[in-house]
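> My structure file query.txt, compact mmCIF, C-alpha atoms and all ligand atoms, is below:
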```
# COMPACT_ATOMS: atom_id res chain seq x y z
CA MET A 1 189.40 92.22 49.30
CA ILE A 2 186.59 94.60 50.28
CA THR A 3 183.09 93.32 51.16
CA LEU A 4 179.99 95.44 51.61
CA GLY A 5 177.57 93.98 54.18
CA ILE A 6 173.88 94.96 54.20
CA GLU A 7 171.42 94.12 56.98
CA THR A 8 167.71 95.00 56.98
CA SER A 9 165.91 92.05 58.58
CA CYS A 10 163.86 93.91 61.18
CA ASP A 11 163.97 97.41 62.71
CA GLU A 12 167.65 98.18 61.99
CA THR A 13 169.19 99.35 58.73
CA SER A 14 172.91 98.69 58.65
CA CYS A 15 175.81 98.74 56.18
CA ALA A 16 179.39 97.71 56.90
CA ILE A 17 182.66 97.61 55.01
CA LEU A 18 184.92 94.63 55.73
CA LYS A 19 188.54 94.44 54.59
CA GLY A 20 189.85 90.89 54.25
CA LYS A 21 188.22 88.58 56.76
CA ASN A 22 188.61 90.44 60.02
CA GLU A 23 189.02 94.18 59.58
CA ILE A 24 185.83 96.19 59.93
CA LEU A 25 186.41 99.63 58.38
CA SER A 26 182.90 100.87 59.14
CA ASN A 27 179.64 99.55 60.58
CA ILE A 28 176.78 102.07 60.45
CA VAL A 29 173.48 101.16 62.15
CA SER A 30 170.28 103.22 61.97
CA SER A 31 167.50 101.97 64.22
CA SER A 32 163.79 102.74 64.01
CA LEU A 33 163.48 101.68 67.66
CA GLU A 34 162.03 105.00 68.87
CA LYS A 35 159.22 104.85 66.32
CA HIS A 36 158.02 101.52 67.77
CA GLN A 37 158.11 102.52 71.42
CA ALA A 38 154.52 103.72 71.60
CA TYR A 39 153.36 100.26 70.44
CA GLY A 40 155.51 98.16 72.81
CA GLY A 41 156.96 96.11 69.94
CA VAL A 42 158.08 96.27 66.32
CA VAL A 43 155.41 97.39 63.83
CA PRO A 44 156.47 95.73 60.52
CA GLU A 45 155.15 98.55 58.29
CA ILE A 46 157.04 101.21 60.29
CA ALA A 47 160.20 99.07 60.27
CA SER A 48 160.21 98.56 56.49
CA ARG A 49 159.45 102.24 55.76
CA HIS A 50 162.38 103.22 57.94
CA CYS A 51 164.67 100.78 56.09
CA LEU A 52 163.60 102.33 52.78
CA GLU A 53 164.26 105.88 54.00
CA ALA A 54 167.58 105.01 55.65
CA ILE A 55 169.29 102.55 53.30
CA ASP A 56 170.83 105.08 50.91
CA TRP A 57 172.39 107.39 53.51
CA VAL A 58 173.46 104.46 55.72
CA TYR A 59 175.26 102.95 52.72
CA ARG A 60 176.91 106.27 51.80
CA SER A 61 177.99 106.87 55.42
CA ALA A 62 179.53 103.39 55.61
CA VAL A 63 181.55 103.92 52.42
CA LYS A 64 182.66 107.40 53.53
CA LYS A 65 183.66 106.30 57.03
CA ALA A 66 185.60 103.33 55.66
CA GLY A 67 187.56 105.63 53.35
CA VAL A 68 187.14 103.31 50.35
CA ARG A 69 186.07 104.10 46.80
CA GLU A 70 182.94 102.39 45.51
CA ASN A 71 184.92 100.67 42.76
CA GLU A 72 187.09 98.95 45.40
CA ILE A 73 184.09 96.93 46.66
CA GLU A 74 184.39 93.40 45.26
CA LEU A 75 181.60 91.48 46.99
CA ILE A 76 178.16 92.25 48.44
CA ALA A 77 176.75 90.21 51.35
CA VAL A 78 173.11 90.79 52.21
CA THR A 79 170.68 89.30 54.75
CA ARG A 80 168.09 87.27 52.85
CA GLY A 81 166.25 85.91 55.91
CA PRO A 82 164.80 85.19 58.36
CA GLY A 83 163.03 88.43 59.25
CA LEU A 84 160.23 90.77 58.25
CA ILE A 85 159.57 90.51 54.53
CA GLY A 86 159.11 94.27 53.98
CA SER A 87 162.43 95.08 55.65
CA LEU A 88 164.29 92.18 53.99
CA LEU A 89 163.13 93.27 50.54
CA VAL A 90 164.69 96.72 50.99
CA GLY A 91 168.18 95.33 51.63
CA VAL A 92 167.95 92.54 49.06
CA SER A 93 166.72 94.90 46.31
CA PHE A 94 169.36 97.52 47.13
CA ALA A 95 172.09 94.85 47.09
CA LYS A 96 170.88 93.37 43.80
CA ALA A 97 170.85 96.79 42.14
CA LEU A 98 174.45 97.47 43.19
CA SER A 99 175.55 93.97 42.15
CA PHE A 100 173.90 94.30 38.75
CA GLY A 101 175.20 97.84 38.16
CA TRP A 102 178.77 97.13 39.23
CA LYS A 103 178.89 93.55 37.87
CA ILE A 104 180.18 92.12 41.15
CA PRO A 105 179.02 88.99 43.00
CA ILE A 106 176.27 89.01 45.63
CA VAL A 107 175.88 86.49 48.47
CA GLY A 108 172.63 85.93 50.39
CA VAL A 109 173.26 85.50 54.12
CA ASN A 110 171.30 83.68 56.83
CA HIS A 111 170.83 86.24 59.64
CA LEU A 112 171.05 83.56 62.38
CA GLU A 113 174.33 82.10 61.08
CA ALA A 114 175.68 85.65 60.90
CA HIS A 115 174.79 86.27 64.58
CA LEU A 116 177.10 83.36 65.48
CA ASP A 117 179.81 84.70 63.15
CA ALA A 118 179.74 88.03 65.05
CA ASN A 119 182.22 86.25 67.34
CA PHE A 120 184.73 85.80 64.56
CA ILE A 121 185.08 89.36 63.38
CA GLU A 122 187.80 89.93 65.96
CA GLU A 123 188.65 86.34 66.92
CA ARG A 124 189.73 83.28 64.98
CA LYS A 125 186.97 80.78 64.18
CA PRO A 126 187.43 77.34 65.81
CA LYS A 127 188.05 74.49 63.37
CA LYS A 128 186.39 71.95 65.68
CA SER A 129 182.64 71.38 65.77
CA PHE A 130 180.66 73.55 68.18
CA VAL A 131 177.24 74.08 69.75
CA GLY A 132 175.58 77.34 68.67
CA LEU A 133 173.17 79.12 71.01
CA ILE A 134 171.06 81.73 69.21
CA VAL A 135 169.10 84.09 71.46
CA SER A 136 167.37 87.02 69.82
CA GLY A 137 164.06 88.85 69.60
CA GLY A 138 162.73 86.42 67.01
CA HIS A 139 164.62 83.19 67.67
CA THR A 140 165.88 80.92 70.43
CA ALA A 141 167.67 77.83 69.17
CA LEU A 142 170.48 75.38 69.75
CA VAL A 143 172.40 74.13 66.71
CA HIS A 144 175.33 71.82 66.08
CA HIS A 145 177.93 73.12 63.65
CA GLU A 146 180.22 70.67 61.90
CA ARG A 147 182.37 71.32 58.79
CA GLY A 148 180.33 74.32 57.67
CA CYS A 149 176.92 72.66 58.17
CA TYR A 150 174.33 73.35 60.84
CA ARG A 151 171.96 70.83 62.43
CA LEU A 152 169.07 72.01 64.58
CA LEU A 153 169.17 70.49 68.10
CA GLY A 154 166.28 72.37 69.65
CA GLU A 155 164.31 75.61 69.51
CA THR A 156 161.57 77.47 71.29
CA VAL A 157 158.13 75.97 70.96
CA ASP A 158 156.50 79.39 71.50
CA ASP A 159 158.09 82.79 72.30
CA ALA A 160 161.75 83.65 71.73
CA VAL A 161 163.62 84.70 74.87
CA GLY A 162 164.08 88.28 73.59
CA GLU A 163 160.36 88.39 72.82
CA ALA A 164 159.63 87.34 76.43
CA TYR A 165 161.89 90.17 77.69
CA ASP A 166 160.04 92.63 75.45
CA LYS A 167 156.57 91.40 76.52
CA VAL A 168 157.45 91.43 80.24
CA ALA A 169 158.84 94.96 79.84
CA LYS A 170 155.56 95.97 78.21
CA ILE A 171 153.58 94.50 81.14
CA LEU A 172 155.80 96.47 83.57
CA GLY A 173 155.62 99.68 81.47
CA LEU A 174 159.38 99.70 80.84
CA GLY A 175 159.22 100.50 77.11
CA TYR A 176 160.66 98.78 74.04
CA PRO A 177 163.04 97.02 73.68
CA GLY A 178 162.64 95.35 77.06
CA GLY A 179 165.98 93.56 77.33
CA PRO A 180 168.24 96.45 78.30
CA ALA A 181 165.70 97.92 80.79
CA ILE A 182 165.09 94.58 82.54
CA ASP A 183 168.83 93.86 82.59
CA ARG A 184 169.46 97.21 84.36
CA LEU A 185 166.70 96.79 86.96
CA ALA A 186 167.52 93.12 87.59
CA ALA A 187 171.03 94.11 88.67
CA ILE A 188 169.53 95.90 91.70
CA GLY A 189 166.78 93.37 92.47
CA ASP A 190 166.51 90.18 94.52
CA SER A 191 166.36 87.18 92.20
CA SER A 192 164.95 84.91 94.93
CA ALA A 193 161.86 87.10 95.45
CA VAL A 194 159.55 85.35 92.93
CA LYS A 195 159.74 81.65 92.07
CA PHE A 196 158.93 80.55 88.51
CA THR A 197 158.33 76.90 87.64
CA LYS A 198 160.36 75.37 84.84
CA PRO A 199 158.31 74.71 81.70
CA LYS A 200 157.63 71.05 80.92
CA ILE A 201 158.76 70.28 77.37
CA ASP A 202 158.88 66.94 75.56
CA ARG A 203 162.24 67.39 73.81
CA LYS A 204 164.94 68.32 76.29
CA LEU A 205 166.79 70.74 74.03
CA ASN A 206 163.65 72.73 73.18
CA PHE A 207 162.71 75.95 74.99
CA SER A 208 159.50 77.64 76.10
CA PHE A 209 159.16 81.23 77.30
CA SER A 210 155.47 82.03 77.00
CA GLY A 211 154.59 80.47 80.38
CA ILE A 212 156.93 82.70 82.36
CA LYS A 213 155.59 85.78 80.55
CA THR A 214 152.02 84.80 81.58
CA ALA A 215 153.21 84.09 85.14
CA VAL A 216 154.65 87.64 85.30
CA LEU A 217 151.34 89.02 84.04
CA TYR A 218 149.35 87.17 86.75
CA TYR A 219 151.85 88.24 89.44
CA VAL A 220 151.51 91.89 88.44
CA GLU A 221 147.69 91.68 88.31
CA LYS A 222 147.58 90.06 91.76
CA ASN A 223 150.03 92.42 93.47
CA LYS A 224 149.38 95.78 91.81
CA PRO A 225 150.35 98.49 92.30
CA LEU A 226 153.88 97.10 92.53
CA PRO A 227 156.28 99.17 94.65
CA GLU A 228 159.53 100.20 92.93
CA GLN A 229 161.63 97.57 94.70
CA ALA A 230 159.11 94.83 93.84
CA VAL A 231 159.52 95.68 90.12
CA LYS A 232 163.31 95.32 90.45
CA ASP A 233 162.87 92.02 92.33
CA LEU A 234 160.47 90.73 89.67
CA CYS A 235 162.93 91.68 86.90
CA ALA A 236 165.77 89.92 88.73
CA SER A 237 163.66 86.78 89.30
CA PHE A 238 162.46 86.70 85.67
CA GLN A 239 165.97 87.24 84.33
CA SER A 240 167.51 84.63 86.61
CA ALA A 241 164.94 81.99 85.54
CA CYS A 242 165.37 82.68 81.79
CA VAL A 243 169.16 82.76 81.95
CA GLU A 244 169.44 79.59 84.04
CA TRP A 245 167.24 77.72 81.51
CA LEU A 246 169.40 78.94 78.63
CA VAL A 247 172.68 78.03 80.33
CA GLU A 248 171.38 74.63 81.44
CA LYS A 249 170.26 73.72 77.91
CA ALA A 250 173.45 74.96 76.28
CA MET A 251 175.45 72.72 78.64
CA ALA A 252 173.08 69.79 77.95
CA ALA A 253 173.66 70.31 74.20
CA CYS A 254 177.41 69.98 74.79
CA VAL A 255 176.87 66.68 76.60
CA HIS A 256 174.52 65.51 73.82
CA THR A 257 176.98 66.32 71.00
CA GLY A 258 180.27 65.80 72.83
CA CYS A 259 181.31 69.37 71.90
CA LYS A 260 183.58 71.40 74.15
CA ILE A 261 182.87 74.71 72.43
CA ILE A 262 179.77 76.94 72.64
CA VAL A 263 179.30 79.87 70.25
CA THR A 264 176.54 82.31 71.20
CA GLY A 265 174.85 85.04 69.18
CA GLY A 266 171.84 87.37 69.00
CA GLY A 267 170.62 90.47 70.81
CA VAL A 268 170.08 88.71 74.15
CA THR A 269 173.83 87.93 74.37
CA ALA A 270 174.10 91.61 75.38
CA ASN A 271 172.55 90.53 78.69
CA SER A 272 175.02 91.02 81.53
CA TYR A 273 173.75 88.10 83.63
CA LEU A 274 173.73 85.66 80.67
CA ARG A 275 177.31 86.66 79.80
CA LYS A 276 178.39 86.09 83.40
CA ARG A 277 176.57 82.79 83.94
CA LEU A 278 177.68 81.29 80.61
CA ALA A 279 181.31 82.10 81.36
CA GLU A 280 181.04 80.67 84.91
CA ASP A 281 179.36 77.40 83.96
CA ALA A 282 181.47 76.82 80.88
CA GLY A 283 184.61 77.50 82.90
CA LYS A 284 183.63 74.86 85.47
CA ARG A 285 183.11 72.28 82.71
CA LYS A 286 186.22 73.24 80.73
CA ILE A 287 184.07 74.37 77.82
CA LYS A 288 185.26 77.28 75.69
CA VAL A 289 182.47 79.81 75.26
CA TYR A 290 182.36 82.56 72.65
CA ILE A 291 180.18 85.59 73.42
CA PRO A 292 180.20 88.41 70.82
CA PRO A 293 181.68 91.81 71.70
CA LEU A 294 178.80 94.04 72.90
CA LYS A 295 178.91 96.21 69.75
CA TYR A 296 178.13 93.15 67.59
CA THR A 297 175.40 91.56 69.74
CA THR A 298 172.33 93.28 68.26
CA ASP A 299 171.60 93.48 64.53
CA ASN A 300 174.51 94.87 62.49
CA ALA A 301 175.96 94.52 58.99
CA ALA A 302 179.51 93.72 60.15
CA MET A 303 178.44 90.16 60.98
CA ILE A 304 176.64 89.88 57.63
CA ALA A 305 179.78 90.91 55.74
CA ARG A 306 181.87 88.45 57.80
CA ASN A 307 179.50 85.53 57.13
CA GLY A 308 179.02 86.34 53.42
CA MET A 309 182.75 86.77 52.86
CA GLU A 310 183.51 83.32 54.28
CA LYS A 311 180.62 81.78 52.39
CA PHE A 312 182.07 83.10 49.16
CA CYS A 313 185.80 82.71 49.78
CA GLY A 314 185.96 79.77 52.20
CA GLU A 315 189.15 79.65 54.25
CA GLY A 316 191.06 82.11 52.09
CA THR A 317 190.31 85.51 50.60
CA LYS A 318 190.16 84.53 46.92
CA LEU A 319 187.10 85.60 44.95
CA ASP A 320 186.40 82.14 43.60
CA GLY A 321 183.29 81.07 45.49
CA GLU A 322 179.73 80.56 44.38
CA ALA A 323 177.65 83.71 44.19
CA SER A 324 173.90 83.82 44.71
CA ALA A 325 171.82 84.28 41.59
CA LEU A 326 170.24 87.66 40.94
CA ASP A 327 166.81 86.08 41.29
CA MET A 328 167.62 85.12 44.90
CA ALA A 329 164.51 85.69 47.00
CA ALA A 330 164.20 87.21 50.46
CA ASP A 331 162.89 84.46 52.73
CA PRO A 332 161.18 85.56 55.99
CA ASN A 333 161.17 81.99 57.30
CA LEU A 334 164.70 80.97 56.33
CA GLY A 335 165.78 78.36 58.86
CA ILE A 336 169.10 77.28 60.27
CA GLY A 337 170.02 73.62 60.32
CA VAL A 338 166.59 72.49 59.15
O1 LIG B 1 169.32 90.09 67.49
P1 LIG B 1 168.44 91.25 67.72
O2 LIG B 1 169.04 92.63 67.62
O3 LIG B 1 167.22 91.23 66.73
C1 LIG B 1 166.66 90.03 66.27
O4 LIG B 1 167.26 89.42 65.36
O5 LIG B 1 165.62 89.67 66.87
O6 LIG B 1 167.77 91.04 69.16
C2 LIG B 1 166.89 91.96 69.72
C3 LIG B 1 166.44 91.41 71.06
C4 LIG B 1 165.29 92.21 71.69
O7 LIG B 1 164.27 91.31 72.08
C5 LIG B 1 165.93 92.87 72.90
O8 LIG B 1 165.03 93.08 74.00
C6 LIG B 1 167.02 91.88 73.25
O9 LIG B 1 167.53 91.46 72.00
N1 LIG B 1 168.09 92.47 74.07
C7 LIG B 1 168.36 92.09 75.34
C8 LIG B 1 169.39 92.93 75.81
N2 LIG B 1 169.71 93.80 74.81
C9 LIG B 1 168.91 93.50 73.75
N3 LIG B 1 167.81 91.11 76.10
C10 LIG B 1 168.27 90.96 77.36
N4 LIG B 1 169.24 91.76 77.89
C11 LIG B 1 169.83 92.73 77.16
N5 LIG B 1 170.79 93.49 77.69
ZN ZN B 2 169.15 89.51 64.92
```
Kindly return the structure encoded in the file as structure tokens.


Amino acid sequence: MITLGIETSCDETSCAILKGKNEILSNIVSSSLEKHQAYGGVVPEIASRHCLEAIDWVYRSAVKKAGVRENEIELIAVTRGPGLIGSLLVGVSFAKALSFGWKIPIVGVNHLEAHLDANFIEERKPKKSFVGLIVSGGHTALVHHERGCYRLLGETVDDAVGEAYDKVAKILGLGYPGGPAIDRLAAIGDSSAVKFTKPKIDRKLNFSFSGIKTAVLYYVEKNKPLPEQAVKDLCASFQSACVEWLVEKAMAACVHTGCKIIVTGGGVTANSYLRKRLAEDAGKRKIKVYIPPLKYTTDNAAMIARNGMEKFCGEGTKLDGEASALDMAADPNLGIGV
């Protein structure tokens, strides 16, 4: 059973070939990251143009690297949302054309669900219900997963945590994306240097990250020019505050649902301090925590293939599931558990 995964929800264009449920034969990712750097964030028009230019060679490279013939591909899984509409349309149209031409089924995938499934490319998926923590550039949410269904427990009321990293990096002149740069500097900074107050939010499983971003801006304005060490200390303090809020809420969601399993996903799970703190806190509470392998944390088509394959075949690997219709639409606001 060979599945082709296609991901074009934002600034990455990716195609992957999955054999069975767990064997990734190839996972090619082309990023337009460099083209956005001058703007300090993703420019949708640049992102979608890049997807259009890259999709054909990324697809061909994935097939070649996997060593499969095109006629061995039996299923196509493609991200249908959420994301940037221009980018989504490239992948969805490409996938539909292949599906129509080859007469094979196509499955539309929710990008956020797929981020959580990035954990189960190399590991077995738990049968019990779990809390999902999604932390990316566009989303920050807690969900409850039970028997294949998701229920939203809480989400950010303003910025996503990855967005806050990117905006703080822009304020500090660290380039885009901000996460990796802040992560690196924070490791050699003093996290007790700057104190940030916790945001006050009505619902306890919701998040807010725009206040801390503004607090960083005021701090920089007040203390400029910041010496090199002060930038590292600020990064460490910012990172520590964000990560502690995320860990605290993930643990609160476990208490709320009675779950003893947390599954995390999204670009921010690449963060070294988040990985460490989640493992520590979960360990203390005897909670099993899944954090994706680094190579599957940011946007990739391997996780899309994995999610689409299970959606179509369920527990087994038989091609007897329900395909999406060819008039399936890309949905930039597709939710999870709503
Ligand atoms: O999941 P992703 O690739 O794209 C979306 O679906 O949004 O996540 C990208 C986000 C960016 O905001 C980026 O700054 C953040 O993930 N990120 C990190 C790290 N690596 C990437 N944030 C914190 N620490 C990192 N090491
Ligand atoms: Zn993503």

> Hey, what's within 9 Å of segment 163-165 of chain A if we count all atoms listed in the file and toss same-chain stuff fewer than 2 positions away? As a PyMOL selection string, please?

chain A and resi 41+136-139+159-161+167-170+177-180+182+209-210+212-213+238-239

> What is the atom CA of Ile287 of chain A-atom CA of Ala253 of chain A distance in Å, reported with one decimal?

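If I compute the distance from atom CA of Ile287 of chain A to atom CA of Ala253 of chain A, I get 11.7 Å.
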
> Could you check how far atom CA of Thr214 of chain A sits from atom P1 of ligand LIG 1 (chain B), in Å to one decimal?

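So the answer is 22.4 Å.
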
> Closest to ligand ZN 2 (chain B) among A:Lys288, A:Lys21, A:Lys35, A:His111, using all atoms listed in the file?

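Closest candidate: A:His111.
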
> Write out as a tab-separated table a residue-level contact list of chain A versus ligand ZN 2 (chain B) with cut-off 10 Å: for each qualifying residue the closest pair of atoms and the distance in Å to one decimal, counting only C-alpha atoms and all ligand atoms, rows sorted by chain and residue number upward.


```
residue	atom	partner	partner_atom	distance
A:Glu7	CA	B:ZN2	ZN	9.5
A:Thr8	CA	B:ZN2	ZN	9.8
A:Ser9	CA	B:ZN2	ZN	7.6
A:Cys10	CA	B:ZN2	ZN	7.8
A:Asp11	CA	B:ZN2	ZN	9.7
A:Glu12	CA	B:ZN2	ZN	9.3
A:Pro82	CA	B:ZN2	ZN	9.0
A:Gly83	CA	B:ZN2	ZN	8.4
A:His111	CA	B:ZN2	ZN	6.4
A:Leu112	CA	B:ZN2	ZN	6.7
A:Glu113	CA	B:ZN2	ZN	9.8
A:Ala114	CA	B:ZN2	ZN	8.6
A:His115	CA	B:ZN2	ZN	6.5
A:Ile134	CA	B:ZN2	ZN	9.1
A:Val135	CA	B:ZN2	ZN	8.5
A:Ser136	CA	B:ZN2	ZN	5.8
A:Gly137	CA	B:ZN2	ZN	6.9
A:Gly138	CA	B:ZN2	ZN	7.4
A:His139	CA	B:ZN2	ZN	8.2
A:Gly265	CA	B:ZN2	ZN	8.4
A:Gly266	CA	B:ZN2	ZN	5.3
A:Gly267	CA	B:ZN2	ZN	6.1
A:Val268	CA	B:ZN2	ZN	9.3
A:Thr297	CA	B:ZN2	ZN	8.2
A:Thr298	CA	B:ZN2	ZN	6.0
A:Asp299	CA	B:ZN2	ZN	4.7
A:Asn300	CA	B:ZN2	ZN	8.0
```
